[in-house]
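Engineer: Contents are compact mmCIF, C-alpha atoms; file name query-v4.txt:
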# COMPACT_ATOMS: atom_id res chain seq x y z
CA MET A 17 -8.63 1.37 -26.53
CA GLU A 18 -11.47 -1.11 -26.10
CA ASP A 19 -11.76 -1.53 -29.89
CA ARG A 20 -8.21 -2.99 -29.90
CA ILE A 21 -8.83 -5.63 -27.24
CA LYS A 22 -7.86 -9.12 -28.42
CA ASN A 23 -9.90 -11.09 -25.88
CA LYS A 24 -13.02 -9.02 -25.22
CA ALA A 25 -14.67 -11.63 -22.98
CA GLN A 26 -11.64 -11.75 -20.71
CA TYR A 27 -11.40 -7.95 -20.70
CA GLU A 28 -15.04 -7.61 -19.60
CA ALA A 29 -14.61 -10.29 -16.92
CA LEU A 30 -11.54 -8.50 -15.54
CA ARG A 31 -13.38 -5.15 -15.53
CA ASP A 32 -16.29 -6.81 -13.68
CA ASP A 33 -13.76 -8.05 -11.11
CA GLY A 34 -12.60 -4.47 -10.52
CA TYR A 35 -9.46 -4.31 -12.64
CA SER A 36 -8.58 -0.93 -14.14
CA LYS A 37 -9.13 -0.46 -17.87
CA GLU A 38 -5.38 -0.38 -18.42
CA LYS A 39 -4.63 -3.57 -16.48
CA ALA A 40 -7.60 -5.44 -17.97
CA ALA A 41 -6.50 -4.43 -21.48
CA ARG A 42 -2.88 -5.39 -20.82
CA ILE A 43 -3.94 -8.85 -19.63
CA ALA A 44 -6.53 -9.39 -22.38
CA ASN A 45 -4.02 -8.38 -25.05
CA THR A 46 -1.28 -10.80 -24.04
CA LYS A 47 -0.25 -13.45 -26.54
CA ASN A 48 -1.88 -16.21 -24.49
CA ALA A 49 -4.86 -14.18 -23.26
CA GLY A 50 -7.33 -16.42 -21.50
CA ILE A 51 -4.92 -19.30 -21.02
CA LYS A 52 -3.86 -20.00 -17.47
CA GLY A 53 -0.18 -20.61 -17.09
CA GLY A 54 0.61 -20.57 -13.40
CA ASN A 55 4.33 -20.95 -14.03
CA ALA A 56 5.54 -17.60 -12.70
CA ASP A 57 7.19 -17.42 -9.29
CA PRO A 58 5.09 -15.69 -6.63
CA TYR A 59 6.14 -12.08 -6.10
CA GLU A 60 7.36 -12.92 -2.59
CA GLU A 61 9.94 -15.32 -4.05
CA ARG A 62 11.36 -12.75 -6.49
CA THR A 63 14.19 -10.36 -5.72
CA LYS A 64 13.57 -6.67 -5.19
CA GLU A 65 15.45 -6.03 -8.45
CA GLU A 66 13.14 -8.40 -10.36
CA LEU A 67 10.10 -6.68 -8.87
CA TYR A 68 11.55 -3.26 -9.70
CA ASN A 69 12.13 -4.29 -13.33
CA LYS A 70 8.57 -5.65 -13.62
CA ALA A 71 7.24 -2.38 -12.16
CA LYS A 72 9.39 -0.45 -14.65
CA ASP A 73 8.05 -2.53 -17.55
CA ILE A 74 4.46 -1.64 -16.72
CA GLY A 75 5.17 1.96 -15.79
CA ILE A 76 4.59 2.11 -12.03
CA GLU A 77 5.68 5.53 -10.85
CA GLY A 78 7.70 5.99 -7.66
CA ARG A 79 9.12 2.48 -7.87
CA SER A 80 12.69 3.56 -7.08
CA GLN A 81 11.63 4.64 -3.60
CA MET A 82 9.53 1.54 -2.85
CA SER A 83 10.40 -1.32 -0.53
CA LYS A 84 9.96 -4.90 -1.71
CA LYS A 85 6.56 -5.08 0.02
CA GLU A 86 5.47 -1.82 -1.59
CA LEU A 87 6.56 -3.06 -5.02
CA ILE A 88 4.52 -6.25 -4.52
CA ASP A 89 1.46 -4.22 -3.48
CA ALA A 90 1.87 -1.87 -6.46
CA LEU A 91 2.23 -4.76 -8.91
CA ARG A 92 -0.83 -6.52 -7.54
CA ASN A 93 -2.96 -3.39 -7.62
CA ASN A 94 -1.93 -1.89 -10.93
Could you render the structure as structure tokens?
Structural biologist:
Amino acid sequence: MEDRIKNKAQYEALRDDGYSKEKAARIANTKNAGIKGGNADPYEERTKEELYNKAKDIGIEGRSQMSKKELIDALRNN
């Protein structure tokens, strides 16, 4: 997987910060990898349905049984 990383410097920095290989790769391979946006609403301001859909998009298992707080924790730690 590492040979397909678009922003290798960002990937390595994320790995050094403790991110999993999968999450670091997902972030480093985004269209705007390395560019800070800061435009997304904080997880706490999103609905449970929005959090569920985000968790579904990235493949978090057990999401249907999670509370809003659990979804936020899972999204932050995946």
Engineer: Could you tell me, as a list in words, which residues have any atom at most 7 Å from (5.3, -6.5, -8.8), counting all atoms listed in the file?
Structural biologist: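 Using all atoms listed in the file, the matching residues come out as Tyr59, Leu67, Lys70, Ala71, Leu87, Ile88, Asp89, Ala90, Leu91 and Arg92 of chain A.
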Engineer: For each of A:Ile21, A:Arg31, A:Gln26, A:Glu38, take the minimum atom-to-atom distance to Gly75 in chain A, counting only C-alpha atoms, then give the residue where this is smallest.
Structural biologist: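 Distance minimum relative to Gly75 in chain A lands on A:Glu38.
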Engineer: Measure the distance from CA of Ala41 in chain A to CA of Ile74 in chain A in Å and round it to one decimal.
Structural biologist: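 Separation between CA of Ala41 in chain A and CA of Ile74 in chain A: 12.3 Å.
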Engineer: Would you please work out which residue, of A:Arg42, A:Lys72, A:Lys84, A:Lys64, is nearest to Arg20 in chain A when using all atoms listed in the file?
Structural biologist: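 Comparing A:Arg42, A:Lys72, A:Lys84, A:Lys64 against Arg20 in chain A, the winner is A:Arg42.
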Engineer: Report, in Å with one decimal, the straight-line distance from CA of Met82 in chain A to CA of Ser36 in chain A.
Structural biologist: 21.5 Å
Engineer: Between CA of Lys24 in chain A and CA of Ile43 in chain A, what distance in Å does the model show, to one decimal?
Structural biologist: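 Distance between the two atoms: 10.7 Å.
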